[in-house]
>>> print(open('query.cif').read())   # mmCIF, C-alpha atoms (C1' of nucleotides)
data_input
#
loop_
_atom_site.group_PDB
_atom_site.id
_atom_site.type_symbol
_atom_site.label_atom_id
_atom_site.label_comp_id
_atom_site.auth_asym_id
_atom_site.auth_seq_id
_atom_site.Cartn_x
_atom_site.Cartn_y
_atom_site.Cartn_z
ATOM 1 C CA MET D 1 135.426 44.247 160.958
ATOM 2 C CA THR D 2 134.045 43.147 157.661
ATOM 3 C CA LEU D 3 135.535 45.690 155.332
ATOM 4 C CA SER D 4 134.232 43.944 152.249
ATOM 5 C CA ASP D 5 130.633 44.284 153.395
ATOM 6 C CA ILE D 6 131.040 47.992 153.971
ATOM 7 C CA GLU D 7 132.814 48.650 150.716
ATOM 8 C CA PHE D 8 130.344 46.932 148.379
ATOM 9 C CA PRO D 9 126.729 48.060 148.283
ATOM 10 C CA THR D 10 124.286 45.199 148.026
ATOM 11 C CA PRO D 11 123.624 44.803 144.320
ATOM 12 C CA SER D 12 119.917 43.977 144.343
ATOM 13 C CA GLU D 13 117.883 46.599 146.171
ATOM 14 C CA ASP D 14 120.336 49.339 147.060
ATOM 15 C CA ALA D 15 119.545 52.620 145.366
ATOM 16 C CA ASP D 16 122.288 54.873 146.718
ATOM 17 C CA CYS D 17 124.359 55.577 143.637
ATOM 18 C CA ARG D 18 125.451 59.079 142.750
ATOM 19 C CA PRO D 19 122.676 59.960 140.285
ATOM 20 C CA VAL D 20 120.105 59.043 142.899
ATOM 21 C CA ARG D 21 121.886 61.329 145.335
ATOM 22 C CA GLU D 22 121.703 64.253 142.927
ATOM 23 C CA ILE D 23 117.972 63.758 142.580
ATOM 24 C CA LEU D 24 117.394 63.423 146.300
ATOM 25 C CA ASP D 25 119.463 66.508 146.999
ATOM 26 C CA ARG D 26 116.959 68.385 144.863
ATOM 27 C CA ILE D 27 113.877 66.825 146.429
ATOM 28 C CA ALA D 28 115.019 66.800 150.022
ATOM 29 C CA ASP D 29 115.633 70.481 150.483
ATOM 30 C CA LYS D 30 113.652 72.784 152.669
ATOM 31 C CA TRP D 31 110.897 73.837 150.280
ATOM 32 C CA SER D 32 110.485 71.386 147.377
ATOM 33 C CA LEU D 33 108.202 69.030 149.277
ATOM 34 C CA TYR D 34 105.830 71.838 150.203
ATOM 35 C CA ILE D 35 105.675 73.025 146.623
ATOM 36 C CA PHE D 36 104.758 69.527 145.544
ATOM 37 C CA VAL D 37 101.953 69.276 148.034
ATOM 38 C CA ALA D 38 100.726 72.748 147.127
ATOM 39 C CA LEU D 39 100.519 71.760 143.466
ATOM 40 C CA LYS D 40 98.880 68.397 144.008
ATOM 41 C CA ASP D 41 95.355 69.530 143.044
ATOM 42 C CA GLY D 42 96.244 71.393 139.852
ATOM 43 C CA PRO D 43 97.947 74.558 138.569
ATOM 44 C CA VAL D 44 98.604 77.351 141.050
ATOM 45 C CA ARG D 45 99.786 80.897 140.443
ATOM 46 C CA PHE D 46 103.008 82.259 141.871
ATOM 47 C CA ASN D 47 101.614 84.440 144.626
ATOM 48 C CA ALA D 48 98.995 81.850 145.495
ATOM 49 C CA LEU D 49 101.858 79.428 146.134
ATOM 50 C CA ARG D 50 103.585 82.047 148.231
ATOM 51 C CA ARG D 51 100.517 82.494 150.402
ATOM 52 C CA GLN D 52 99.903 78.746 150.676
ATOM 53 C CA ILE D 53 103.463 77.826 151.723
ATOM 54 C CA ASP D 54 103.769 79.629 155.005
ATOM 55 C CA GLY D 55 107.183 81.120 155.639
ATOM 56 C CA ILE D 56 108.702 80.862 152.173
ATOM 57 C CA SER D 57 110.239 84.019 150.786
ATOM 58 C CA GLN D 58 109.669 85.228 147.273
ATOM 59 C CA ARG D 59 113.297 84.613 146.442
ATOM 60 C CA MET D 60 113.369 81.016 147.645
ATOM 61 C CA LEU D 61 110.081 80.261 145.900
ATOM 62 C CA THR D 62 111.499 81.559 142.624
ATOM 63 C CA ILE D 63 114.749 79.637 143.008
ATOM 64 C CA THR D 64 113.096 76.368 144.001
ATOM 65 C CA LEU D 65 110.522 76.589 141.221
ATOM 66 C CA ARG D 66 113.288 77.179 138.660
ATOM 67 C CA GLN D 67 115.186 74.106 139.839
ATOM 68 C CA LEU D 68 112.106 71.907 139.819
ATOM 69 C CA GLU D 69 111.282 73.178 136.346
ATOM 70 C CA ARG D 70 114.801 72.352 135.174
ATOM 71 C CA ASP D 71 114.344 68.798 136.445
ATOM 72 C CA GLY D 72 111.108 68.475 134.483
ATOM 73 C CA LEU D 73 108.988 67.984 137.584
ATOM 74 C CA ILE D 74 106.870 71.114 137.182
ATOM 75 C CA SER D 75 105.889 73.246 134.192
ATOM 76 C CA ARG D 76 105.756 77.033 134.031
ATOM 77 C CA THR D 77 103.139 78.727 131.883
ATOM 78 C CA LEU D 78 103.232 82.489 131.335
ATOM 79 C CA PHE D 79 100.045 84.267 130.255
ATOM 80 C CA PRO D 80 101.146 87.655 128.844
ATOM 81 C CA THR D 81 98.250 89.544 130.358
ATOM 82 C CA ILE D 82 98.374 92.669 132.466
ATOM 83 C CA PRO D 83 99.190 92.000 135.238
ATOM 84 C CA PRO D 84 101.149 88.952 134.098
ATOM 85 C CA ARG D 85 99.913 85.552 135.186
ATOM 86 C CA VAL D 86 102.196 82.558 135.730
ATOM 87 C CA ASP D 87 100.810 79.102 136.404
ATOM 88 C CA TYR D 88 102.914 76.355 137.889
ATOM 89 C CA GLU D 89 101.752 72.757 137.489
ATOM 90 C CA LEU D 90 103.081 69.287 138.126
ATOM 91 C CA THR D 91 104.202 67.391 135.038
ATOM 92 C CA ALA D 92 103.475 63.684 134.602
ATOM 93 C CA VAL D 93 106.824 62.859 136.188
ATOM 94 C CA GLY D 94 106.085 65.287 139.007
ATOM 95 C CA ARG D 95 102.734 63.651 139.676
ATOM 96 C CA SER D 96 104.398 60.243 139.920
ATOM 97 C CA LEU D 97 106.686 61.711 142.570
ATOM 98 C CA LEU D 98 103.627 62.942 144.446
ATOM 99 C CA THR D 99 102.820 59.415 145.605
ATOM 100 C CA PRO D 100 105.960 58.828 147.726
ATOM 101 C CA VAL D 101 105.917 62.456 148.864
ATOM 102 C CA MET D 102 102.379 62.166 150.160
ATOM 103 C CA ALA D 103 103.374 58.931 151.900
ATOM 104 C CA LEU D 104 106.041 60.938 153.732
ATOM 105 C CA MET D 105 103.553 63.666 154.659
ATOM 106 C CA THR D 106 101.094 61.086 155.935
ATOM 107 C CA TRP D 107 103.810 59.451 158.032
ATOM 108 C CA ALA D 108 104.816 62.805 159.499
ATOM 109 C CA ASP D 109 101.203 63.606 160.315
ATOM 110 C CA SER D 110 100.521 60.322 162.091
ATOM 111 C CA ASN D 111 103.817 60.268 164.004
ATOM 112 C CA ARG D 112 104.100 63.844 165.189
ATOM 113 C CA ASP D 113 102.878 63.020 168.696
ATOM 114 C CA VAL D 114 105.438 60.241 169.086
ATOM 115 C CA ILE D 115 108.255 62.507 167.944
ATOM 116 C CA GLU D 116 107.223 65.391 170.167
ATOM 117 C CA GLU D 117 107.108 63.055 173.147
ATOM 118 C CA ALA D 118 110.560 61.688 172.283
ATOM 119 C CA ARG D 119 111.904 65.230 172.109
ATOM 120 C CA ARG D 120 110.474 66.118 175.505
ATOM 121 C CA GLN D 121 111.952 63.005 177.124
ATOM 122 C CA HIS D 122 115.330 63.592 175.500
ATOM 123 C CA ASP D 123 115.431 67.217 176.627
ATOM 124 C CA GLN D 124 114.536 66.240 180.198
ATOM 125 C CA THR D 125 117.140 63.468 180.401
ATOM 126 C CA ARG D 126 119.787 65.742 178.931
ATOM 127 C CA MET M 1 93.186 59.462 146.243
ATOM 128 C CA THR M 2 91.629 60.158 149.607
ATOM 129 C CA LEU M 3 94.838 61.586 150.988
ATOM 130 C CA SER M 4 93.968 65.178 150.214
ATOM 131 C CA ASP M 5 90.639 64.920 151.972
ATOM 132 C CA ILE M 6 92.270 63.596 155.104
ATOM 133 C CA GLU M 7 95.177 65.945 155.095
ATOM 134 C CA PHE M 8 93.597 69.370 154.651
ATOM 135 C CA PRO M 9 90.077 69.442 156.035
ATOM 136 C CA THR M 10 89.955 72.975 157.437
ATOM 137 C CA PRO M 11 91.011 76.338 156.018
ATOM 138 C CA SER M 12 92.994 77.070 159.188
ATOM 139 C CA GLU M 13 96.128 75.209 158.205
ATOM 140 C CA ASP M 14 98.386 76.419 161.001
ATOM 141 C CA ALA M 15 97.197 73.861 163.536
ATOM 142 C CA ASP M 16 97.655 70.943 161.176
ATOM 143 C CA CYS M 17 100.654 71.992 159.145
ATOM 144 C CA ARG M 18 103.094 73.369 161.666
ATOM 145 C CA PRO M 19 103.977 70.161 163.562
ATOM 146 C CA VAL M 20 104.159 68.251 160.296
ATOM 147 C CA ARG M 21 106.442 70.939 158.962
ATOM 148 C CA GLU M 22 108.761 70.639 161.955
ATOM 149 C CA ILE M 23 109.064 66.910 161.371
ATOM 150 C CA LEU M 24 109.604 67.260 157.656
ATOM 151 C CA ASP M 25 112.219 69.951 158.188
ATOM 152 C CA ARG M 26 114.136 67.376 160.189
ATOM 153 C CA ILE M 27 113.701 64.569 157.680
ATOM 154 C CA ALA M 28 114.123 66.582 154.511
ATOM 155 C CA ASP M 29 117.562 67.976 155.190
ATOM 156 C CA LYS M 30 120.683 67.122 153.301
ATOM 157 C CA TRP M 31 121.831 64.025 155.200
ATOM 158 C CA SER M 32 119.017 62.413 157.214
ATOM 159 C CA LEU M 33 117.671 60.327 154.346
ATOM 160 C CA TYR M 34 121.080 58.824 153.656
ATOM 161 C CA ILE M 35 121.541 57.929 157.288
ATOM 162 C CA PHE M 36 118.195 56.178 157.239
ATOM 163 C CA VAL M 37 119.096 54.118 154.215
ATOM 164 C CA ALA M 38 122.515 53.330 155.657
ATOM 165 C CA LEU M 39 120.896 51.988 158.833
ATOM 166 C CA LYS M 40 118.156 50.002 157.141
ATOM 167 C CA ASP M 41 119.858 46.609 157.541
ATOM 168 C CA GLY M 42 120.812 46.936 161.216
ATOM 169 C CA PRO M 43 123.187 48.750 163.552
ATOM 170 C CA VAL M 44 126.192 50.537 162.040
ATOM 171 C CA ARG M 45 129.185 52.112 163.752
ATOM 172 C CA PHE M 46 130.029 55.811 163.484
ATOM 173 C CA ASN M 47 132.959 55.617 161.113
ATOM 174 C CA ALA M 48 131.292 52.907 159.061
ATOM 175 C CA LEU M 49 128.437 55.354 158.496
ATOM 176 C CA ARG M 50 130.948 58.021 157.560
ATOM 177 C CA ARG M 51 132.506 55.783 154.927
ATOM 178 C CA GLN M 52 129.157 54.620 153.622
ATOM 179 C CA ILE M 53 127.650 58.095 153.191
ATOM 180 C CA ASP M 54 129.971 59.595 150.643
ATOM 181 C CA GLY M 55 130.753 63.262 151.156
ATOM 182 C CA ILE M 56 129.431 63.729 154.685
ATOM 183 C CA SER M 57 131.758 65.404 157.133
ATOM 184 C CA GLN M 58 132.332 64.113 160.634
ATOM 185 C CA ARG M 59 130.710 67.226 162.025
ATOM 186 C CA MET M 60 127.503 66.935 160.032
ATOM 187 C CA LEU M 61 127.259 63.221 160.751
ATOM 188 C CA THR M 62 127.503 63.895 164.481
ATOM 189 C CA ILE M 63 124.986 66.732 164.379
ATOM 190 C CA THR M 64 122.469 64.866 162.239
ATOM 191 C CA LEU M 65 122.735 61.715 164.339
ATOM 192 C CA ARG M 66 122.148 63.739 167.514
ATOM 193 C CA GLN M 67 119.013 65.311 166.075
ATOM 194 C CA LEU M 68 117.636 62.004 164.847
ATOM 195 C CA GLU M 69 118.348 60.510 168.246
ATOM 196 C CA ARG M 70 116.528 63.394 169.923
ATOM 197 C CA ASP M 71 113.501 62.700 167.749
ATOM 198 C CA GLY M 72 113.544 59.049 168.801
ATOM 199 C CA LEU M 73 114.184 57.801 165.274
ATOM 200 C CA ILE M 74 117.576 56.220 165.957
ATOM 201 C CA SER M 75 119.245 54.872 169.098
ATOM 202 C CA ARG M 76 122.863 55.351 170.154
ATOM 203 C CA THR M 77 124.637 52.553 172.028
ATOM 204 C CA LEU M 78 128.104 53.107 173.490
ATOM 205 C CA PHE M 79 130.262 50.049 174.209
ATOM 206 C CA PRO M 80 132.998 51.186 176.640
ATOM 207 C CA THR M 81 135.660 49.046 175.007
ATOM 208 C CA ILE M 82 139.080 50.081 173.805
ATOM 209 C CA PRO M 83 138.820 51.586 171.267
ATOM 210 C CA PRO M 84 135.294 52.816 172.050
ATOM 211 C CA ARG M 85 132.514 51.482 169.867
ATOM 212 C CA VAL M 86 129.269 53.351 169.151
ATOM 213 C CA ASP M 87 126.414 51.643 167.350
ATOM 214 C CA TYR M 88 123.600 53.571 165.733
ATOM 215 C CA GLU M 89 120.371 51.751 164.971
ATOM 216 C CA LEU M 90 116.868 52.565 163.798
ATOM 217 C CA THR M 91 114.206 52.482 166.487
ATOM 218 C CA ALA M 92 110.747 51.039 165.846
ATOM 219 C CA VAL M 93 109.513 54.503 164.875
ATOM 220 C CA GLY M 94 112.542 54.958 162.657
ATOM 221 C CA ARG M 95 111.874 51.691 160.888
ATOM 222 C CA SER M 96 108.294 52.736 160.201
ATOM 223 C CA LEU M 97 109.692 55.864 158.548
ATOM 224 C CA LEU M 98 111.932 53.662 156.441
ATOM 225 C CA THR M 99 108.968 52.569 154.324
ATOM 226 C CA PRO M 100 108.120 55.976 152.806
ATOM 227 C CA VAL M 101 111.821 56.864 152.631
ATOM 228 C CA MET M 102 112.603 53.766 150.611
ATOM 229 C CA ALA M 103 109.661 54.581 148.366
ATOM 230 C CA LEU M 104 111.348 57.919 147.674
ATOM 231 C CA MET M 105 114.683 56.250 146.983
ATOM 232 C CA THR M 106 113.044 53.779 144.636
ATOM 233 C CA TRP M 107 111.317 56.595 142.792
ATOM 234 C CA ALA M 108 114.589 58.483 142.455
ATOM 235 C CA ASP M 109 116.303 55.372 141.168
ATOM 236 C CA SER M 110 113.698 54.609 138.500
ATOM 237 C CA ASN M 111 113.351 58.231 137.343
ATOM 238 C CA ARG M 112 116.957 59.371 137.233
ATOM 239 C CA ASP M 113 117.216 58.967 133.455
ATOM 240 C CA VAL M 114 114.104 61.051 132.867
ATOM 241 C CA ILE M 115 115.370 63.809 135.130
ATOM 242 C CA GLU M 116 118.846 63.872 133.619
ATOM 243 C CA GLU M 117 117.317 64.137 130.158
ATOM 244 C CA ALA M 118 115.058 66.980 131.311
ATOM 245 C CA ARG M 119 118.080 68.799 132.710
ATOM 246 C CA ARG M 120 120.005 68.435 129.471
ATOM 247 C CA GLN M 121 117.113 69.745 127.418
ATOM 248 C CA HIS M 122 116.519 72.654 129.772
ATOM 249 C CA ASP M 123 120.194 73.631 129.742
ATOM 250 C CA GLN M 124 120.306 73.517 125.942
ATOM 251 C CA THR M 125 117.144 75.587 125.495
ATOM 252 C CA ARG M 126 118.333 78.115 128.046
ATOM 253 C "C1'" DC E 1 161.239 53.654 171.034
ATOM 254 C "C1'" DC E 2 158.704 56.181 168.024
ATOM 255 C "C1'" DT E 3 155.768 57.050 164.309
ATOM 256 C "C1'" DT E 4 151.465 55.973 162.191
ATOM 257 C "C1'" DG E 5 146.753 55.017 162.170
ATOM 258 C "C1'" DG E 6 141.840 54.071 163.788
ATOM 259 C "C1'" DC E 7 138.286 55.202 167.197
ATOM 260 C "C1'" DG E 8 134.519 58.841 168.206
ATOM 261 C "C1'" DG E 9 134.153 62.848 168.593
ATOM 262 C "C1'" DT E 10 134.831 68.735 169.568
ATOM 263 C "C1'" DA E 11 136.504 73.521 168.245
ATOM 264 C "C1'" DT E 12 137.386 76.951 164.942
ATOM 265 C "C1'" DC E 13 136.917 79.618 161.059
ATOM 266 C "C1'" DA E 14 135.799 80.416 156.078
ATOM 267 C "C1'" DA E 15 132.579 79.471 152.419
ATOM 268 C "C1'" DA E 16 128.117 78.574 150.784
ATOM 269 C "C1'" DC E 17 123.495 78.986 151.273
ATOM 270 C "C1'" DT E 18 119.133 81.258 152.858
ATOM 271 C "C1'" DG E 19 116.155 85.099 154.446
ATOM 272 C "C1'" DT E 20 114.840 90.208 154.568
ATOM 273 C "C1'" DG E 21 113.576 94.098 152.608
ATOM 274 C "C1'" DA E 22 113.747 97.320 148.785
ATOM 275 C "C1'" DC E 23 112.811 98.026 144.116
ATOM 276 C "C1'" DC E 24 110.881 97.345 139.244
ATOM 277 C "C1'" DA E 25 107.146 98.207 135.319
ATOM 278 C "C1'" DA E 26 102.407 98.152 133.968
ATOM 279 C "C1'" DC E 27 97.881 98.631 135.091
ATOM 280 C "C1'" DG E 28 93.048 98.858 137.834
ATOM 281 C "C1'" DC E 29 90.488 101.059 141.407
ATOM 282 C "C1'" DT E 30 89.011 105.020 143.957
ATOM 283 C "C1'" DA X 1 97.194 111.143 142.307
ATOM 284 C "C1'" DG X 2 97.998 107.446 145.299
ATOM 285 C "C1'" DC X 3 97.720 102.659 146.515
ATOM 286 C "C1'" DG X 4 97.589 97.715 145.532
ATOM 287 C "C1'" DT X 5 98.534 93.465 142.650
ATOM 288 C "C1'" DT X 6 101.233 90.890 139.310
ATOM 289 C "C1'" DG X 7 105.972 88.079 139.110
ATOM 290 C "C1'" DG X 8 109.972 88.774 139.722
ATOM 291 C "C1'" DT X 9 115.430 90.682 140.691
ATOM 292 C "C1'" DC X 10 119.167 92.667 143.609
ATOM 293 C "C1'" DA X 11 122.125 93.810 147.640
ATOM 294 C "C1'" DC X 12 123.040 92.818 152.054
ATOM 295 C "C1'" DA X 13 122.665 90.311 156.684
ATOM 296 C "C1'" DG X 14 122.235 86.111 159.014
ATOM 297 C "C1'" DT X 15 122.428 81.137 159.289
ATOM 298 C "C1'" DT X 16 124.132 76.683 158.019
ATOM 299 C "C1'" DT X 17 127.609 73.837 156.255
ATOM 300 C "C1'" DG X 18 132.368 72.197 155.141
ATOM 301 C "C1'" DA X 19 137.461 71.866 155.827
ATOM 302 C "C1'" DT X 20 140.795 71.430 158.883
ATOM 303 C "C1'" DA X 21 142.969 70.766 163.180
ATOM 304 C "C1'" DC X 22 142.945 68.753 167.523
ATOM 305 C "C1'" DC X 23 141.809 65.541 171.565
ATOM 306 C "C1'" DG X 24 142.770 61.076 174.539
ATOM 307 C "C1'" DC X 25 143.330 56.372 174.032
ATOM 308 C "C1'" DC X 26 145.486 52.317 172.261
ATOM 309 C "C1'" DA X 27 147.398 48.803 168.663
ATOM 310 C "C1'" DA X 28 150.582 47.654 165.057
ATOM 311 C "C1'" DG X 29 154.913 48.293 162.441
ATOM 312 C "C1'" DG X 30 159.582 49.534 161.816
#
>>> encode(input="query.cif", output="structure tokens")
Amino acid sequence: MTLSDIEFPTPSEDADCRPVREILDRIADKWSLYIFVALKDGPVRFNALRRQIDGISQRMLTITLRQLERDGLISRTLFPTIPPRVDYELTAVGRSLLTPVMALMTWADSNRDVIEEARRQHDQTR
Amino acid sequence: MTLSDIEFPTPSEDADCRPVREILDRIADKWSLYIFVALKDGPVRFNALRRQIDGISQRMLTITLRQLERDGLISRTLFPTIPPRVDYELTAVGRSLLTPVMALMTWADSNRDVIEEARRQHDQTR
DNA sequence: CCTTGGCGGTATCAAACTGTGACCAACGCT
DNA sequence: AGCGTTGGTCACAGTTTGATACCGCCAAGG
């Protein structure tokens, strides 16, 4: 039992400090990733986002957008027309996050068959 | 950027998006990413994982490991010694997921200052 | 001998989080 | 007049998570 190895994170490449955790806790929730993908091609209005992200409620969309805006990943622009129009758009920082997020989406897309097969086998063997 | 062209070719998004969503809902929960990073260098025992992932409860570690095992992303090996020893390890599929996950971690690590500054500004302006 | 502690969990219950549906005000269309 | 669209907020129900206790087994310390 090498307690020293467990206790000390490797200094060079390890990224799991507490600030990184706070950021990942924001990104890795149920809806943030979908919002990112929905905004990847440019600004989108609130209800357009709601229609695009299947299953999200109005409340959760509002809450998640507020948090992402607080983190500086998206920007909110209100046009005081009637009816009001609100555009949400990725900031520069948000667009830089889009690269690893899309890598995740691509992985999920190309590995869904493997995972579904693993689930079936696991449920049979159970 | 040819990713968008590959990812969303048809207007009927249900066929393409739903399985990807199921996978991402598994990956993008509160603890899975940390388990992946904790396992990146090889097999780790249950309580070693618990110590390494700060703040996770025994219950959530068990549940999350079971789900990841069901999806074929990690493997569970029980050594019937006294005391019992259980090793968790990334499978080949799990290791392929490690690449985009580490890209996310790296992004979070290099952008944490920007995000913390954005939070401070937002909270002041509020 | 007898307490303490580590191992890998399970069971239970409260707290936190998330989803559902109703409601809002202003206006355009018919 | 009545309905729909805009971007939300609020109260309440349902789900998920966390804290704590407990389990059998054994090893080490006093």
>>> closest_residue(input="query.cif", among="E:DT30, E:DT10, E:DT20, E:DT4", to="chain M", atoms="only C-alpha atoms (C1' of nucleotides)")
E:DT10
>>> closest_atom_pairs(input="query.cif", of="chain X", to="chain D", cutoff="9 Å", atoms="all atoms listed in the file", output="Markdown table")
| residue | atom | partner | partner_atom | distance |
| --- | --- | --- | --- | --- |
| X:DT5 | C1' | D:Pro83 | CA | 7.6 |
| X:DT6 | C1' | D:Pro83 | CA | 4.7 |
| X:DG7 | C1' | D:Pro84 | CA | 7.0 |
| X:DG8 | C1' | D:Thr62 | CA | 7.9 |
| X:DT9 | C1' | D:Arg59 | CA | 8.6 |
>>> calpha_fit_rmsd(input="query.cif", fixed="chain M", moving="chain D")
5.0 Å
>>> residues_around(input="query.cif", residues="segment 30-32 of chain M", least_positions_apart="4", cutoff="10 Å", atoms="all atoms listed in the file", output="list in words")
Arg21, Leu24, Asp25, Arg26, Ile27, Ala28, Asp29 and Lys30 of chain D; Arg26, Phe36, Val37, Ala38, Ile53, Gly55, Ile56, Met60, Leu61, Thr64, Leu65, Gln67 and Leu68 of chain M
>>> atom_distance(input="query.cif", atom1="atom CA of Val93 of chain M", atom2="atom CA of Leu73 of chain M")
5.7 Å
>>> interface_residues(input="query.cif", of="chain E", to="chain M", cutoff="12 Å", atoms="all atoms listed in the file", output="PyMOL selection string")
chain E and resi 6-11
>>> write_last_selection(input="query.cif", atoms="C-alpha atoms (C1' of nucleotides)", output="compact mmCIF listing (two decimals), in the coordinates of the input")
# COMPACT_ATOMS: atom_id res chain seq x y z
C1' DG E 6 141.84 54.07 163.79
C1' DC E 7 138.29 55.20 167.20
C1' DG E 8 134.52 58.84 168.21
C1' DG E 9 134.15 62.85 168.59
C1' DT E 10 134.83 68.74 169.57
C1' DA E 11 136.50 73.52 168.24
>>> interface_residues(input="query.cif", of="chain D", to="chain M", cutoff="7 Å", atoms="all atoms listed in the file", output="tab-separated table (two decimals) with C-alpha atoms, in the coordinates of the input")
chain	number	residue	atom	x	y	z
D	6	ILE	CA	131.04	47.99	153.97
D	15	ALA	CA	119.54	52.62	145.37
D	19	PRO	CA	122.68	59.96	140.28
D	20	VAL	CA	120.10	59.04	142.90
D	23	ILE	CA	117.97	63.76	142.58
D	24	LEU	CA	117.39	63.42	146.30
D	25	ASP	CA	119.46	66.51	147.00
D	28	ALA	CA	115.02	66.80	150.02
D	29	ASP	CA	115.63	70.48	150.48
D	30	LYS	CA	113.65	72.78	152.67
D	70	ARG	CA	114.80	72.35	135.17
D	71	ASP	CA	114.34	68.80	136.44
D	72	GLY	CA	111.11	68.47	134.48
D	97	LEU	CA	106.69	61.71	142.57
D	100	PRO	CA	105.96	58.83	147.73
D	103	ALA	CA	103.37	58.93	151.90
D	104	LEU	CA	106.04	60.94	153.73
D	107	TRP	CA	103.81	59.45	158.03
D	108	ALA	CA	104.82	62.80	159.50
D	109	ASP	CA	101.20	63.61	160.32
D	112	ARG	CA	104.10	63.84	165.19
D	115	ILE	CA	108.26	62.51	167.94
D	118	ALA	CA	110.56	61.69	172.28
D	119	ARG	CA	111.90	65.23	172.11
D	122	HIS	CA	115.33	63.59	175.50
>>> resolve_selection(input="query.cif", expression="the PyMOL selection byres ((chain E and resi 29) around 10)", output="PyMOL selection string")
(chain E and resi 28+30) or (chain X and resi 3-4)
>>> resolve_selection(input="query.cif", expression="the PyMOL selection byres ((chain X and resi 15) around 10)", output="PyMOL selection string")
(chain E and resi 17-19) or (chain X and resi 13-14+16-17)
>>> resolve_selection(input="query.cif", expression="the PyMOL selection byres ((chain X and resi 10) around 9)", output="JSON, numbers by chain")
{"E": [22, 23], "X": [9, 11]}
>>> atom_distance(input="query.cif", atom1="atom C1' of DA19 of chain X", atom2="atom CA of Ile63 of chain M")
16.0 Å
>>> residues_near_point(input="query.cif", point="(163.0, 49.9, 171.6)", cutoff="12 Å", atoms="all atoms listed in the file", output="list of chain:residue names")
E:DC1, E:DC2, X:DG30
>>> atom_distance(input="query.cif", atom1="atom CA of Arg66 of chain D", atom2="atom C1' of DC12 of chain X")
22.8 Å
>>> closest_residue(input="query.cif", among="D:Ile74, D:Arg50, D:Thr125, D:Gly42", to="Leu90 of chain D", atoms="all atoms listed in the file")
D:Ile74
>>> build_atoms(input="query.cif", residues="segment 73-83 of chain D", atoms="N, CA, C and O atoms", output="PDB file, in the frame of the given file")
ATOM      1  N   LEU D  73     110.009  68.448 136.639  1.00  0.00           N
ATOM      2  CA  LEU D  73     108.988  67.984 137.584  1.00  0.00           C
ATOM      3  C   LEU D  73     107.773  68.914 137.608  1.00  0.00           C
ATOM      4  O   LEU D  73     106.678  68.475 137.937  1.00  0.00           O
ATOM      5  N   ILE D  74     107.990  70.186 137.285  1.00  0.00           N
ATOM      6  CA  ILE D  74     106.870  71.114 137.182  1.00  0.00           C
ATOM      7  C   ILE D  74     106.998  71.869 135.865  1.00  0.00           C
ATOM      8  O   ILE D  74     108.080  71.937 135.275  1.00  0.00           O
ATOM      9  N   SER D  75     105.864  72.436 135.416  1.00  0.00           N
ATOM     10  CA  SER D  75     105.889  73.246 134.192  1.00  0.00           C
ATOM     11  C   SER D  75     105.459  74.666 134.532  1.00  0.00           C
ATOM     12  O   SER D  75     104.656  74.887 135.444  1.00  0.00           O
ATOM     13  N   ARG D  76     106.026  75.617 133.805  1.00  0.00           N
ATOM     14  CA  ARG D  76     105.756  77.033 134.031  1.00  0.00           C
ATOM     15  C   ARG D  76     105.059  77.576 132.795  1.00  0.00           C
ATOM     16  O   ARG D  76     105.561  77.453 131.675  1.00  0.00           O
ATOM     17  N   THR D  77     103.896  78.180 133.000  1.00  0.00           N
ATOM     18  CA  THR D  77     103.139  78.727 131.883  1.00  0.00           C
ATOM     19  C   THR D  77     102.893  80.201 132.138  1.00  0.00           C
ATOM     20  O   THR D  77     102.279  80.568 133.132  1.00  0.00           O
ATOM     21  N   LEU D  78     103.390  81.039 131.209  1.00  0.00           N
ATOM     22  CA  LEU D  78     103.232  82.489 131.335  1.00  0.00           C
ATOM     23  C   LEU D  78     102.110  82.957 130.439  1.00  0.00           C
ATOM     24  O   LEU D  78     102.127  82.737 129.229  1.00  0.00           O
ATOM     25  N   PHE D  79     101.097  83.628 131.037  1.00  0.00           N
ATOM     26  CA  PHE D  79     100.045  84.267 130.255  1.00  0.00           C
ATOM     27  C   PHE D  79     100.376  85.748 130.171  1.00  0.00           C
ATOM     28  O   PHE D  79     100.389  86.434 131.210  1.00  0.00           O
ATOM     29  N   PRO D  80     100.649  86.270 128.953  1.00  0.00           N
ATOM     30  CA  PRO D  80     101.146  87.655 128.844  1.00  0.00           C
ATOM     31  C   PRO D  80     100.036  88.671 129.000  1.00  0.00           C
ATOM     32  O   PRO D  80      99.840  89.529 128.152  1.00  0.00           O
ATOM     33  N   THR D  81      99.294  88.565 130.075  1.00  0.00           N
ATOM     34  CA  THR D  81      98.250  89.544 130.358  1.00  0.00           C
ATOM     35  C   THR D  81      98.827  90.649 131.239  1.00  0.00           C
ATOM     36  O   THR D  81      99.982  90.615 131.632  1.00  0.00           O
ATOM     37  N   ILE D  82      97.986  91.622 131.538  1.00  0.00           N
ATOM     38  CA  ILE D  82      98.374  92.669 132.466  1.00  0.00           C
ATOM     39  C   ILE D  82      97.387  92.679 133.613  1.00  0.00           C
ATOM     40  O   ILE D  82      96.201  92.923 133.383  1.00  0.00           O
ATOM     41  N   PRO D  83      97.837  92.380 134.857  1.00  0.00           N
ATOM     42  CA  PRO D  83      99.190  92.000 135.238  1.00  0.00           C
ATOM     43  C   PRO D  83      99.518  90.595 134.775  1.00  0.00           C
ATOM     44  O   PRO D  83      98.601  89.803 134.569  1.00  0.00           O
TER      45      PRO D  83
END
